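This is upload_1.cif. It holds mmCIF, C-alpha atoms.
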data_work
#
loop_
_atom_site.label_atom_id
_atom_site.label_comp_id
_atom_site.auth_asym_id
_atom_site.auth_seq_id
_atom_site.Cartn_x
_atom_site.Cartn_y
_atom_site.Cartn_z
CA MET E 1 69.98 216.39 130.87
CA MET E 2 73.33 218.12 130.43
CA GLN E 3 73.66 220.07 127.22
CA ARG E 4 76.81 222.18 127.54
CA VAL E 5 80.23 220.58 127.90
CA LEU E 6 83.60 222.27 128.36
CA ILE E 7 86.65 220.25 127.24
CA THR E 8 90.00 221.46 128.54
CA GLY E 9 92.75 220.32 126.21
CA GLY E 10 90.05 220.00 123.57
CA ALA E 11 92.41 220.67 120.65
CA GLY E 12 94.50 217.67 121.61
CA PHE E 13 94.33 214.20 120.12
CA ILE E 14 91.68 212.73 122.45
CA GLY E 15 89.95 216.05 123.15
CA SER E 16 89.26 216.80 119.50
CA HIS E 17 87.72 213.38 118.96
CA LEU E 18 85.56 213.82 122.05
CA ALA E 19 84.42 217.26 120.87
CA GLU E 20 83.43 215.77 117.54
CA ARG E 21 81.50 212.91 119.15
CA LEU E 22 79.63 215.17 121.58
CA LEU E 23 78.66 217.62 118.83
CA ASP E 24 77.33 214.72 116.77
CA ALA E 25 75.28 213.67 119.82
CA GLY E 26 73.68 217.12 120.08
CA TYR E 27 75.73 218.71 122.86
CA GLN E 28 77.01 222.26 122.87
CA VAL E 29 80.79 222.02 123.15
CA ALA E 30 83.35 224.61 124.23
CA VAL E 31 87.06 223.88 123.87
CA LEU E 32 89.80 225.50 125.94
CA ASP E 33 93.37 224.81 124.84
CA ASN E 34 96.64 226.75 124.86
CA LEU E 35 98.01 224.69 121.94
CA SER E 36 101.16 223.73 123.84
CA THR E 37 100.68 220.11 122.79
CA GLY E 38 97.30 220.35 121.06
CA ARG E 39 96.92 221.58 117.50
CA PHE E 40 94.31 223.92 116.06
CA GLU E 41 94.20 221.70 112.96
CA ASN E 42 92.54 219.05 115.12
CA ILE E 43 89.44 221.20 115.64
CA ALA E 44 89.53 223.40 112.54
CA HIS E 45 86.86 221.26 110.85
CA LEU E 46 84.52 221.89 113.81
CA VAL E 47 84.67 225.68 113.59
CA GLY E 48 81.36 227.01 112.37
CA ARG E 49 79.34 224.02 113.48
CA PRO E 50 76.27 224.97 115.56
CA GLY E 51 76.99 224.68 119.26
CA PHE E 52 80.80 224.71 118.94
CA SER E 53 83.09 227.37 120.37
CA PHE E 54 86.73 227.56 121.33
CA ALA E 55 89.15 229.71 123.30
CA ILE E 56 92.89 229.58 122.72
CA ASP E 57 94.08 230.16 126.26
CA SER E 58 95.41 228.36 129.31
CA ILE E 59 93.44 226.87 132.18
CA GLU E 60 95.71 229.06 134.31
CA ASN E 61 93.74 232.06 133.06
CA GLU E 62 91.20 232.15 135.88
CA ILE E 63 88.91 234.68 134.20
CA VAL E 64 88.51 232.64 131.01
CA LEU E 65 88.19 229.33 132.86
CA ASP E 66 85.57 230.77 135.21
CA ARG E 67 83.49 232.19 132.37
CA LEU E 68 83.51 228.94 130.40
CA ALA E 69 82.76 226.84 133.50
CA SER E 70 79.85 229.10 134.43
CA GLU E 71 78.27 228.27 131.06
CA SER E 72 78.84 224.50 131.31
CA ASP E 73 76.89 221.58 132.75
CA ALA E 74 79.93 219.31 132.61
CA ILE E 75 83.71 219.71 132.31
CA VAL E 76 85.97 217.06 130.81
CA HIS E 77 89.49 217.86 131.99
CA LEU E 78 92.02 216.53 129.49
CA ALA E 79 94.56 219.37 129.60
CA ALA E 80 97.83 217.97 130.94
CA ALA E 81 101.51 217.48 130.24
CA VAL E 82 101.55 214.37 128.06
CA GLY E 83 104.07 211.87 126.79
CA VAL E 84 107.06 210.25 128.48
CA LYS E 85 109.56 212.33 126.50
CA LEU E 86 108.02 215.63 127.61
CA VAL E 87 107.79 214.43 131.20
CA VAL E 88 111.47 213.44 131.34
CA GLU E 89 112.64 216.66 129.70
CA ARG E 90 110.36 219.11 131.55
CA PRO E 91 109.55 217.80 135.04
CA VAL E 92 108.66 221.21 136.57
CA HIS E 93 106.22 221.91 133.74
CA THR E 94 104.72 218.44 134.19
CA ILE E 95 104.10 218.76 137.91
CA GLU E 96 102.78 222.32 137.81
CA THR E 97 100.55 221.79 134.79
CA ASN E 98 98.97 218.61 136.08
CA ILE E 99 98.40 219.49 139.72
CA MET E 100 97.69 223.23 139.54
CA GLY E 101 95.59 222.83 136.41
CA THR E 102 93.42 220.14 137.94
CA GLU E 103 92.97 222.14 141.13
CA ALA E 104 91.80 225.14 139.09
CA VAL E 105 89.27 223.01 137.21
CA LEU E 106 87.91 221.38 140.37
CA ARG E 107 87.55 224.76 142.03
CA VAL E 108 85.41 226.24 139.25
CA ALA E 109 83.45 222.99 138.85
CA ALA E 110 82.53 223.15 142.53
CA ARG E 111 81.62 226.83 142.21
CA TYR E 112 79.07 226.15 139.47
CA ARG E 113 78.09 222.58 140.44
CA ALA E 114 79.28 221.24 137.12
CA ARG E 115 79.88 217.54 136.72
CA VAL E 116 83.58 216.96 136.10
CA LEU E 117 85.51 214.11 134.52
CA ILE E 118 89.23 214.04 135.33
CA ALA E 119 91.56 212.24 132.93
CA SER E 120 94.21 210.27 134.80
CA THR E 121 96.58 207.62 133.46
CA SER E 122 97.65 204.00 133.67
CA GLU E 123 101.04 205.39 134.75
CA VAL E 124 99.70 205.62 138.31
CA TYR E 125 100.04 201.83 138.60
CA GLY E 126 103.80 202.37 138.50
CA LYS E 127 105.77 199.19 139.14
CA GLY E 128 102.70 197.14 140.00
CA ALA E 129 103.42 193.49 139.27
CA ARG E 130 99.90 192.07 139.30
CA THR E 131 98.08 192.24 136.00
CA PRO E 132 95.55 193.08 134.81
CA PHE E 133 95.57 196.30 136.83
CA ARG E 134 92.45 196.90 138.91
CA GLU E 135 91.38 200.32 140.10
CA ASP E 136 91.84 199.46 143.79
CA ASP E 137 95.27 197.82 143.46
CA ASP E 138 98.15 199.10 145.59
CA VAL E 139 100.61 201.37 143.81
CA VAL E 140 104.41 201.22 143.76
CA LEU E 141 106.43 204.07 142.23
CA GLY E 142 110.14 204.58 141.74
CA PRO E 143 112.28 207.04 143.74
CA THR E 144 111.79 210.80 143.57
CA SER E 145 115.34 211.12 142.25
CA ARG E 146 114.06 209.82 138.90
CA ASN E 147 111.76 212.40 137.40
CA ARG E 148 110.26 209.75 135.14
CA TRP E 149 107.85 209.08 138.04
CA ALA E 150 106.82 212.72 138.42
CA TYR E 151 104.02 212.26 135.91
CA ALA E 152 102.51 209.29 137.75
CA ALA E 153 102.80 211.04 141.11
CA SER E 154 101.22 214.25 139.80
CA LYS E 155 98.26 212.35 138.34
CA MET E 156 97.81 210.50 141.63
CA VAL E 157 97.53 213.87 143.37
CA ASP E 158 94.93 214.86 140.75
CA GLU E 159 92.92 211.77 141.69
CA PHE E 160 93.22 212.48 145.42
CA LEU E 161 92.05 216.05 144.82
CA ALA E 162 89.04 215.00 142.75
CA LEU E 163 87.94 212.39 145.28
CA ALA E 164 88.42 214.90 148.11
CA TYR E 165 86.21 217.44 146.31
CA HIS E 166 83.61 214.71 145.84
CA GLN E 167 83.73 213.80 149.52
CA LYS E 168 83.80 217.32 150.98
CA TYR E 169 81.69 219.27 148.49
CA GLU E 170 79.64 216.45 146.95
CA LEU E 171 81.08 217.44 143.59
CA PRO E 172 80.07 214.86 140.97
CA ALA E 173 83.63 214.01 139.93
CA VAL E 174 84.61 210.96 137.88
CA ILE E 175 88.18 209.74 137.36
CA VAL E 176 89.27 207.83 134.25
CA ARG E 177 92.64 206.10 134.03
CA LEU E 178 93.42 206.11 130.34
CA PHE E 179 95.61 203.33 129.02
CA ASN E 180 97.45 203.66 125.69
CA THR E 181 95.08 205.40 123.27
CA VAL E 182 95.82 205.70 119.58
CA GLY E 183 94.23 206.70 116.28
CA PRO E 184 94.03 209.44 113.65
CA ARG E 185 95.47 212.85 114.68
CA GLN E 186 97.94 211.40 117.15
CA VAL E 187 101.53 212.49 116.50
CA GLY E 188 104.71 210.78 117.66
CA ARG E 189 106.33 213.99 118.85
CA TYR E 190 105.94 213.21 122.54
CA GLY E 191 106.91 209.54 122.50
CA MET E 192 103.67 207.97 121.24
CA VAL E 193 104.85 204.71 119.81
CA ILE E 194 102.37 203.74 117.08
CA PRO E 195 102.45 206.97 115.03
CA ARG E 196 106.23 206.99 115.40
CA PHE E 197 106.55 203.39 114.20
CA MET E 198 104.12 203.92 111.34
CA ARG E 199 105.83 207.10 110.10
CA GLN E 200 109.17 205.31 110.14
CA ALA E 201 107.76 202.29 108.31
CA LEU E 202 106.04 204.36 105.62
CA ALA E 203 109.22 206.38 105.06
CA GLY E 204 111.38 203.26 104.86
CA GLU E 205 113.38 204.38 107.89
CA PRO E 206 114.53 202.06 110.69
CA ILE E 207 111.73 201.28 113.15
CA THR E 208 113.28 202.18 116.50
CA VAL E 209 112.28 200.01 119.45
CA TYR E 210 113.29 201.29 122.90
CA GLY E 211 114.77 198.66 125.20
CA ASP E 212 114.63 195.05 124.07
CA GLY E 213 110.99 195.20 122.91
CA SER E 214 109.72 192.66 125.43
CA GLN E 215 107.64 195.24 127.28
CA SER E 216 103.94 194.86 126.48
CA ARG E 217 101.05 197.28 126.09
CA CYS E 218 97.35 197.34 125.14
CA PHE E 219 96.27 199.91 122.55
CA CYS E 220 92.74 201.31 122.49
CA ASP E 221 91.30 203.15 119.50
CA VAL E 222 90.44 206.76 120.29
CA SER E 223 86.89 206.22 119.01
CA ASP E 224 86.40 203.58 121.69
CA THR E 225 87.98 205.80 124.32
CA VAL E 226 85.68 208.75 123.70
CA ARG E 227 82.65 206.45 123.79
CA ALA E 228 83.72 205.49 127.30
CA LEU E 229 84.26 209.11 128.31
CA GLU E 230 80.79 210.11 127.16
CA ALA E 231 79.20 207.14 128.95
CA LEU E 232 80.93 208.00 132.23
CA MET E 233 80.24 211.70 131.86
CA VAL E 234 76.48 211.14 131.95
CA HIS E 235 76.11 208.08 134.19
CA PRO E 236 74.77 209.11 137.63
CA GLN E 237 76.48 206.21 139.42
CA ALA E 238 79.97 207.03 138.12
CA ALA E 239 80.56 209.99 140.44
CA GLY E 240 83.21 209.51 143.11
CA ARG E 241 84.70 206.47 141.39
CA VAL E 242 87.79 205.54 139.35
CA PHE E 243 87.57 203.67 136.06
CA ASN E 244 90.14 202.06 133.78
CA VAL E 245 89.60 202.81 130.09
CA GLY E 246 91.58 200.77 127.60
CA SER E 247 91.90 197.69 125.45
CA THR E 248 92.82 194.27 126.81
CA GLU E 249 94.53 193.05 123.62
CA GLU E 250 98.14 192.78 124.80
CA VAL E 251 101.13 192.98 122.46
CA THR E 252 104.88 193.30 122.97
CA ILE E 253 106.51 196.36 121.46
CA LEU E 254 108.69 194.17 119.26
CA GLU E 255 105.63 192.36 117.92
CA LEU E 256 103.96 195.74 117.43
CA ALA E 257 106.90 196.89 115.30
CA GLN E 258 106.59 193.73 113.21
CA ARG E 259 102.86 194.21 112.72
CA VAL E 260 103.33 197.86 111.76
CA LYS E 261 105.96 196.80 109.24
CA ALA E 262 103.61 194.23 107.71
CA ILE E 263 100.62 196.58 107.48
CA ALA E 264 102.76 199.32 105.96
CA HIS E 265 104.28 196.82 103.47
CA SER E 266 107.62 198.20 104.57
CA ASP E 267 111.18 196.95 104.21
CA SER E 268 112.30 199.00 107.22
CA PRO E 269 114.73 197.23 109.54
CA ILE E 270 113.83 197.03 113.23
CA THR E 271 116.55 198.48 115.44
CA PHE E 272 116.92 198.70 119.21
CA ILE E 273 117.83 201.80 121.22
CA PRO E 274 118.70 201.61 124.94
CA TYR E 275 116.34 203.51 127.25
CA GLU E 276 119.28 205.58 128.48
CA GLU E 277 119.84 206.86 124.96
CA ALA E 278 116.15 207.39 124.17
CA TYR E 279 115.23 209.17 127.40
CA ALA E 280 117.68 209.56 130.29
CA PRO E 281 120.17 207.56 132.36
CA GLY E 282 118.43 205.25 134.82
CA PHE E 283 115.08 205.40 132.98
CA GLU E 284 112.65 202.72 134.15
CA ASP E 285 109.80 201.38 132.06
CA MET E 286 106.70 199.44 133.02
CA LYS E 287 107.09 195.83 131.89
CA ARG E 288 103.38 195.21 131.30
CA ARG E 289 100.39 197.52 131.18
CA VAL E 290 97.08 195.66 130.97
CA PRO E 291 93.79 197.02 132.34
CA ASP E 292 90.96 195.25 134.07
CA ILE E 293 87.93 196.96 132.50
CA SER E 294 85.23 194.97 134.30
CA ARG E 295 84.16 197.94 136.46
CA LEU E 296 83.51 200.11 133.42
CA HIS E 297 81.78 197.28 131.56
CA GLU E 298 79.52 196.41 134.47
CA LEU E 299 78.37 200.02 134.87
CA THR E 300 77.99 201.06 131.23
CA GLY E 301 78.25 197.93 129.07
CA TRP E 302 81.28 199.46 127.33
CA GLN E 303 83.92 197.35 125.65
CA PRO E 304 86.39 198.08 122.85
CA ARG E 305 85.25 197.50 119.28
CA TYR E 306 88.51 198.00 117.36
CA ARG E 307 91.19 195.32 117.17
CA LEU E 308 94.85 196.30 116.97
CA ASP E 309 95.30 195.57 113.25
CA ASP E 310 92.26 197.76 112.48
CA ILE E 311 93.76 200.56 114.59
CA LEU E 312 97.09 200.28 112.77
CA MET E 313 95.34 200.48 109.42
CA ARG E 314 93.44 203.60 110.51
CA VAL E 315 96.68 205.26 111.59
CA LYS E 316 98.37 204.29 108.34
CA ASN E 317 95.51 205.71 106.25
CA TRP E 318 95.44 208.93 108.25
CA LEU E 319 99.17 209.47 107.90
CA GLN E 320 99.04 208.85 104.16
CA ASP E 321 96.06 211.18 103.78
CA SER E 322 97.88 213.84 105.80
CA GLU E 323 100.88 213.62 103.50
CA THR E 324 98.57 213.98 100.51
CA ARG E 325 96.93 217.10 101.98
CA VAL E 326 100.34 218.66 102.64
#
As a first step, turn the structure in this file into structure tokens.
Amino acid sequence: MMQRVLITGGAGFIGSHLAERLLDAGYQVAVLDNLSTGRFENIAHLVGRPGFSFAIDSIENEIVLDRLASESDAIVHLAAAVGVKLVVERPVHTIETNIMGTEAVLRVAARYRARVLIASTSEVYGKGARTPFREDDDVVLGPTSRNRWAYAASKMVDEFLALAYHQKYELPAVIVRLFNTVGPRQVGRYGMVIPRFMRQALAGEPITVYGDGSQSRCFCDVSDTVRALEALMVHPQAAGRVFNVGSTEEVTILELAQRVKAIAHSDSPITFIPYEEAYAPGFEDMKRRVPDISRLHELTGWQPRYRLDDILMRVKNWLQDSETRV
């Protein structure tokens, strides 16, 4: 029975919720985060709880990573360059952080025989036309001249590395492809659409939809996501496999903006911004992003509990509470 879990990127949106859940379940939890995209406020309420510790440092610090890994039964690797905006603006940072960081984590996990869960992304499905996306589907990406695809390619390399470590060293590695995850503590700074929409709606500002709004997504509540991560972290038959984690409730971005506006009781107008203006010339978006979650359900029984309107209400309440605290 594993008792000690290291979460890289544990001060981030998903990582902080996972840390909270694992502590509640009786695990000892260590967080490693350099706060480049994570925030200490996300874990401040956990400081002082029995079994919780943190280190503000990078996974590139081999001494710190080695020490924390040597004290861990499992590692959940969430540290990564996140968000489309950051990826487009800082491609070198994206590639180096994702690939070199994952390699460092796999290396120390193999050294200490720690079980490791690698967070990948639905972005790896690229331009795939068949939906819902299944874990064994073929992948089509755009050209290397468009750095928008650097994130997907780097996460694919992460997956190849993890599966290679599993094959060569029998490392118990699990890969999770996270689809759009949302909830309290998520900020819109890096392109996350729901907190951005909700902040705009609550402030009475125009709700800015990129493109024509016909692109569709499925949004999973972070509480559901971390339930899936815990289930896969401990399941003995998950090692060496890839799992989609996400909701199957599909919505267009235009409809999402309308639903945010209704839940916020907002008079904000909905406006449209071309992708070229929002990101970069030649930017390509995925038209649909819908997961097939049957593999995860069959192994663990997991399925999402939160519906989209419930998620939107939770985000609204959190944002309003945050404004009150400030």
>> List the spatial neighbours of Ser53 (chain E) as a ChimeraX atom specification - criterion: any atom at most 7 Å away, all atoms listed in the file, same-chain residues fewer than 2 positions off excluded.
In response: /E:29-31,51
Neighbour list for region 285-294 of chain E as a short mmCIF file (atom, residue, chain, number, x, y, z; two decimals) with C-alpha atoms, keeping the file's coordinate frame, cut-off 10 Å, all atoms listed in the file, skip fewer than 6 positions in-chain:
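Everything below was put into part_6.cif:
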data_model
loop_
_atom_site.label_atom_id
_atom_site.label_comp_id
_atom_site.auth_asym_id
_atom_site.auth_seq_id
_atom_site.Cartn_x
_atom_site.Cartn_y
_atom_site.Cartn_z
CA VAL E 84 107.06 210.25 128.48
CA SER E 122 97.65 204.00 133.67
CA GLU E 123 101.04 205.39 134.75
CA TYR E 125 100.04 201.83 138.60
CA GLY E 126 103.80 202.37 138.50
CA LYS E 127 105.77 199.19 139.14
CA GLY E 128 102.70 197.14 140.00
CA ALA E 129 103.42 193.49 139.27
CA ARG E 130 99.90 192.07 139.30
CA THR E 131 98.08 192.24 136.00
CA PRO E 132 95.55 193.08 134.81
CA PHE E 133 95.57 196.30 136.83
CA ARG E 134 92.45 196.90 138.91
CA GLU E 135 91.38 200.32 140.10
CA ARG E 148 110.26 209.75 135.14
CA TRP E 149 107.85 209.08 138.04
CA ARG E 177 92.64 206.10 134.03
CA LEU E 178 93.42 206.11 130.34
CA PHE E 179 95.61 203.33 129.02
CA ASN E 180 97.45 203.66 125.69
CA TYR E 210 113.29 201.29 122.90
CA GLY E 211 114.77 198.66 125.20
CA GLY E 213 110.99 195.20 122.91
CA SER E 214 109.72 192.66 125.43
CA GLN E 215 107.64 195.24 127.28
CA SER E 216 103.94 194.86 126.48
CA ARG E 217 101.05 197.28 126.09
CA CYS E 218 97.35 197.34 125.14
CA PHE E 219 96.27 199.91 122.55
CA PHE E 243 87.57 203.67 136.06
CA ASN E 244 90.14 202.06 133.78
CA VAL E 245 89.60 202.81 130.09
CA GLY E 246 91.58 200.77 127.60
CA SER E 247 91.90 197.69 125.45
CA THR E 248 92.82 194.27 126.81
CA GLU E 249 94.53 193.05 123.62
CA GLU E 250 98.14 192.78 124.80
CA VAL E 251 101.13 192.98 122.46
CA THR E 252 104.88 193.30 122.97
CA TYR E 275 116.34 203.51 127.25
CA THR E 300 77.99 201.06 131.23
CA GLY E 301 78.25 197.93 129.07
CA TRP E 302 81.28 199.46 127.33
CA GLN E 303 83.92 197.35 125.65
CA PRO E 304 86.39 198.08 122.85
#
>> For the PyMOL selection byres ((chain E and resi 310-324) around 9), applied here, can you spell out every residue it catches as a PyMOL selection string?
In response: chain E and resi 182-186+194-195+198-199+202+219-221+259-260+263-264+306-309+325-326
Taking C-alpha atoms for each residue, export the selection above as a PDB file, keeping the file's coordinate frame.
ATOM      1  CA  VAL E 182      95.820 205.700 119.580  1.00  0.00           C
ATOM      2  CA  GLY E 183      94.230 206.700 116.280  1.00  0.00           C
ATOM      3  CA  PRO E 184      94.030 209.440 113.650  1.00  0.00           C
ATOM      4  CA  ARG E 185      95.470 212.850 114.680  1.00  0.00           C
ATOM      5  CA  GLN E 186      97.940 211.400 117.150  1.00  0.00           C
ATOM      6  CA  ILE E 194     102.370 203.740 117.080  1.00  0.00           C
ATOM      7  CA  PRO E 195     102.450 206.970 115.030  1.00  0.00           C
ATOM      8  CA  MET E 198     104.120 203.920 111.340  1.00  0.00           C
ATOM      9  CA  ARG E 199     105.830 207.100 110.100  1.00  0.00           C
ATOM     10  CA  LEU E 202     106.040 204.360 105.620  1.00  0.00           C
ATOM     11  CA  PHE E 219      96.270 199.910 122.550  1.00  0.00           C
ATOM     12  CA  CYS E 220      92.740 201.310 122.490  1.00  0.00           C
ATOM     13  CA  ASP E 221      91.300 203.150 119.500  1.00  0.00           C
ATOM     14  CA  ARG E 259     102.860 194.210 112.720  1.00  0.00           C
ATOM     15  CA  VAL E 260     103.330 197.860 111.760  1.00  0.00           C
ATOM     16  CA  ILE E 263     100.620 196.580 107.480  1.00  0.00           C
ATOM     17  CA  ALA E 264     102.760 199.320 105.960  1.00  0.00           C
ATOM     18  CA  TYR E 306      88.510 198.000 117.360  1.00  0.00           C
ATOM     19  CA  ARG E 307      91.190 195.320 117.170  1.00  0.00           C
ATOM     20  CA  LEU E 308      94.850 196.300 116.970  1.00  0.00           C
ATOM     21  CA  ASP E 309      95.300 195.570 113.250  1.00  0.00           C
ATOM     22  CA  ARG E 325      96.930 217.100 101.980  1.00  0.00           C
ATOM     23  CA  VAL E 326     100.340 218.660 102.640  1.00  0.00           C
TER      24      VAL E 326
END
>> Using only C-alpha atoms - which residues lie no farther than 12 Å from the point (81.1, 232.0, 128.4) in the file's frame? Write them as a PyMOL selection string.
In response: chain E and resi 4-6+28-32+52-55+63-72
Store the residues picked out above, limited to C-alpha atoms, as a PDB file, keeping the file's coordinate frame.
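Output file part-v6.pdb follows:
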ATOM      1  CA  ARG E   4      76.810 222.180 127.540  1.00  0.00           C
ATOM      2  CA  VAL E   5      80.230 220.580 127.900  1.00  0.00           C
ATOM      3  CA  LEU E   6      83.600 222.270 128.360  1.00  0.00           C
ATOM      4  CA  GLN E  28      77.010 222.260 122.870  1.00  0.00           C
ATOM      5  CA  VAL E  29      80.790 222.020 123.150  1.00  0.00           C
ATOM      6  CA  ALA E  30      83.350 224.610 124.230  1.00  0.00           C
ATOM      7  CA  VAL E  31      87.060 223.880 123.870  1.00  0.00           C
ATOM      8  CA  LEU E  32      89.800 225.500 125.940  1.00  0.00           C
ATOM      9  CA  PHE E  52      80.800 224.710 118.940  1.00  0.00           C
ATOM     10  CA  SER E  53      83.090 227.370 120.370  1.00  0.00           C
ATOM     11  CA  PHE E  54      86.730 227.560 121.330  1.00  0.00           C
ATOM     12  CA  ALA E  55      89.150 229.710 123.300  1.00  0.00           C
ATOM     13  CA  ILE E  63      88.910 234.680 134.200  1.00  0.00           C
ATOM     14  CA  VAL E  64      88.510 232.640 131.010  1.00  0.00           C
ATOM     15  CA  LEU E  65      88.190 229.330 132.860  1.00  0.00           C
ATOM     16  CA  ASP E  66      85.570 230.770 135.210  1.00  0.00           C
ATOM     17  CA  ARG E  67      83.490 232.190 132.370  1.00  0.00           C
ATOM     18  CA  LEU E  68      83.510 228.940 130.400  1.00  0.00           C
ATOM     19  CA  ALA E  69      82.760 226.840 133.500  1.00  0.00           C
ATOM     20  CA  SER E  70      79.850 229.100 134.430  1.00  0.00           C
ATOM     21  CA  GLU E  71      78.270 228.270 131.060  1.00  0.00           C
ATOM     22  CA  SER E  72      78.840 224.500 131.310  1.00  0.00           C
TER      23      SER E  72
END
> So which one's closest to Met233 (chain E), E:Glu276, E:Glu284, E:Glu41, E:Asp73? Using all atoms listed in the file, please.
Replying inline: E:Asp73
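Taking only C-alpha atoms into account, Asn98 (chain E) lies nearest to E:Ser154 out of the set E:Asn147, E:Ser154, E:Thr121, E:Gln237.
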Evaluate the PyMOL selection byres ((chain E and resi 15-22) around 9) against this structure - the residues, as a CSV table (one decimal) with C-alpha atoms, in the coordinates of the input, please.
chain,number,residue,atom,x,y,z
E,5,VAL,CA,80.2,220.6,127.9
E,7,ILE,CA,86.6,220.2,127.2
E,8,THR,CA,90.0,221.5,128.5
E,9,GLY,CA,92.8,220.3,126.2
E,10,GLY,CA,90.0,220.0,123.6
E,11,ALA,CA,92.4,220.7,120.6
E,12,GLY,CA,94.5,217.7,121.6
E,13,PHE,CA,94.3,214.2,120.1
E,14,ILE,CA,91.7,212.7,122.4
E,23,LEU,CA,78.7,217.6,118.8
E,24,ASP,CA,77.3,214.7,116.8
E,25,ALA,CA,75.3,213.7,119.8
E,26,GLY,CA,73.7,217.1,120.1
E,27,TYR,CA,75.7,218.7,122.9
E,28,GLN,CA,77.0,222.3,122.9
E,29,VAL,CA,80.8,222.0,123.2
E,30,ALA,CA,83.4,224.6,124.2
E,31,VAL,CA,87.1,223.9,123.9
E,38,GLY,CA,97.3,220.4,121.1
E,42,ASN,CA,92.5,219.0,115.1
E,43,ILE,CA,89.4,221.2,115.6
E,46,LEU,CA,84.5,221.9,113.8
E,52,PHE,CA,80.8,224.7,118.9
E,76,VAL,CA,86.0,217.1,130.8
E,78,LEU,CA,92.0,216.5,129.5
E,79,ALA,CA,94.6,219.4,129.6
E,185,ARG,CA,95.5,212.8,114.7
E,222,VAL,CA,90.4,206.8,120.3
E,223,SER,CA,86.9,206.2,119.0
E,225,THR,CA,88.0,205.8,124.3
E,226,VAL,CA,85.7,208.8,123.7
E,227,ARG,CA,82.6,206.4,123.8
E,229,LEU,CA,84.3,209.1,128.3
E,230,GLU,CA,80.8,210.1,127.2
>> Take the PyMOL selection byres ((chain E and resi 266) around 7), run it mentally on this structure, and tell me the resulting residues as a VMD selection string.
In response: chain E and resid 201 to 202 204 261 to 262 264 to 265 267 to 268
>> Could you tell me how far CA of Asp33 (chain E) sits from CA of Arg49 (chain E), in Å to one decimal place?
In response: 18.1 Å
> Could you pull the residues within 12 Å of region 158-162 of chain E, counting all atoms listed in the file, minus those fewer than 5 positions along the same chain, as a PyMOL selection string?
Replying inline: chain E and resi 77-78+80+95-107+109-110+115-121+124+135+151-153+167-177+239-243
How about saving the chosen residues, C-alpha atoms kept, as a PDB file, keeping the file's coordinate frame?
ATOM      1  CA  HIS E  77      89.490 217.860 131.990  1.00  0.00           C
ATOM      2  CA  LEU E  78      92.020 216.530 129.490  1.00  0.00           C
ATOM      3  CA  ALA E  80      97.830 217.970 130.940  1.00  0.00           C
ATOM      4  CA  ILE E  95     104.100 218.760 137.910  1.00  0.00           C
ATOM      5  CA  GLU E  96     102.780 222.320 137.810  1.00  0.00           C
ATOM      6  CA  THR E  97     100.550 221.790 134.790  1.00  0.00           C
ATOM      7  CA  ASN E  98      98.970 218.610 136.080  1.00  0.00           C
ATOM      8  CA  ILE E  99      98.400 219.490 139.720  1.00  0.00           C
ATOM      9  CA  MET E 100      97.690 223.230 139.540  1.00  0.00           C
ATOM     10  CA  GLY E 101      95.590 222.830 136.410  1.00  0.00           C
ATOM     11  CA  THR E 102      93.420 220.140 137.940  1.00  0.00           C
ATOM     12  CA  GLU E 103      92.970 222.140 141.130  1.00  0.00           C
ATOM     13  CA  ALA E 104      91.800 225.140 139.090  1.00  0.00           C
ATOM     14  CA  VAL E 105      89.270 223.010 137.210  1.00  0.00           C
ATOM     15  CA  LEU E 106      87.910 221.380 140.370  1.00  0.00           C
ATOM     16  CA  ARG E 107      87.550 224.760 142.030  1.00  0.00           C
ATOM     17  CA  ALA E 109      83.450 222.990 138.850  1.00  0.00           C
ATOM     18  CA  ALA E 110      82.530 223.150 142.530  1.00  0.00           C
ATOM     19  CA  ARG E 115      79.880 217.540 136.720  1.00  0.00           C
ATOM     20  CA  VAL E 116      83.580 216.960 136.100  1.00  0.00           C
ATOM     21  CA  LEU E 117      85.510 214.110 134.520  1.00  0.00           C
ATOM     22  CA  ILE E 118      89.230 214.040 135.330  1.00  0.00           C
ATOM     23  CA  ALA E 119      91.560 212.240 132.930  1.00  0.00           C
ATOM     24  CA  SER E 120      94.210 210.270 134.800  1.00  0.00           C
ATOM     25  CA  THR E 121      96.580 207.620 133.460  1.00  0.00           C
ATOM     26  CA  VAL E 124      99.700 205.620 138.310  1.00  0.00           C
ATOM     27  CA  GLU E 135      91.380 200.320 140.100  1.00  0.00           C
ATOM     28  CA  TYR E 151     104.020 212.260 135.910  1.00  0.00           C
ATOM     29  CA  ALA E 152     102.510 209.290 137.750  1.00  0.00           C
ATOM     30  CA  ALA E 153     102.800 211.040 141.110  1.00  0.00           C
ATOM     31  CA  GLN E 167      83.730 213.800 149.520  1.00  0.00           C
ATOM     32  CA  LYS E 168      83.800 217.320 150.980  1.00  0.00           C
ATOM     33  CA  TYR E 169      81.690 219.270 148.490  1.00  0.00           C
ATOM     34  CA  GLU E 170      79.640 216.450 146.950  1.00  0.00           C
ATOM     35  CA  LEU E 171      81.080 217.440 143.590  1.00  0.00           C
ATOM     36  CA  PRO E 172      80.070 214.860 140.970  1.00  0.00           C
ATOM     37  CA  ALA E 173      83.630 214.010 139.930  1.00  0.00           C
ATOM     38  CA  VAL E 174      84.610 210.960 137.880  1.00  0.00           C
ATOM     39  CA  ILE E 175      88.180 209.740 137.360  1.00  0.00           C
ATOM     40  CA  VAL E 176      89.270 207.830 134.250  1.00  0.00           C
ATOM     41  CA  ARG E 177      92.640 206.100 134.030  1.00  0.00           C
ATOM     42  CA  ALA E 239      80.560 209.990 140.440  1.00  0.00           C
ATOM     43  CA  GLY E 240      83.210 209.510 143.110  1.00  0.00           C
ATOM     44  CA  ARG E 241      84.700 206.470 141.390  1.00  0.00           C
ATOM     45  CA  VAL E 242      87.790 205.540 139.350  1.00  0.00           C
ATOM     46  CA  PHE E 243      87.570 203.670 136.060  1.00  0.00           C
TER      47      PHE E 243
END
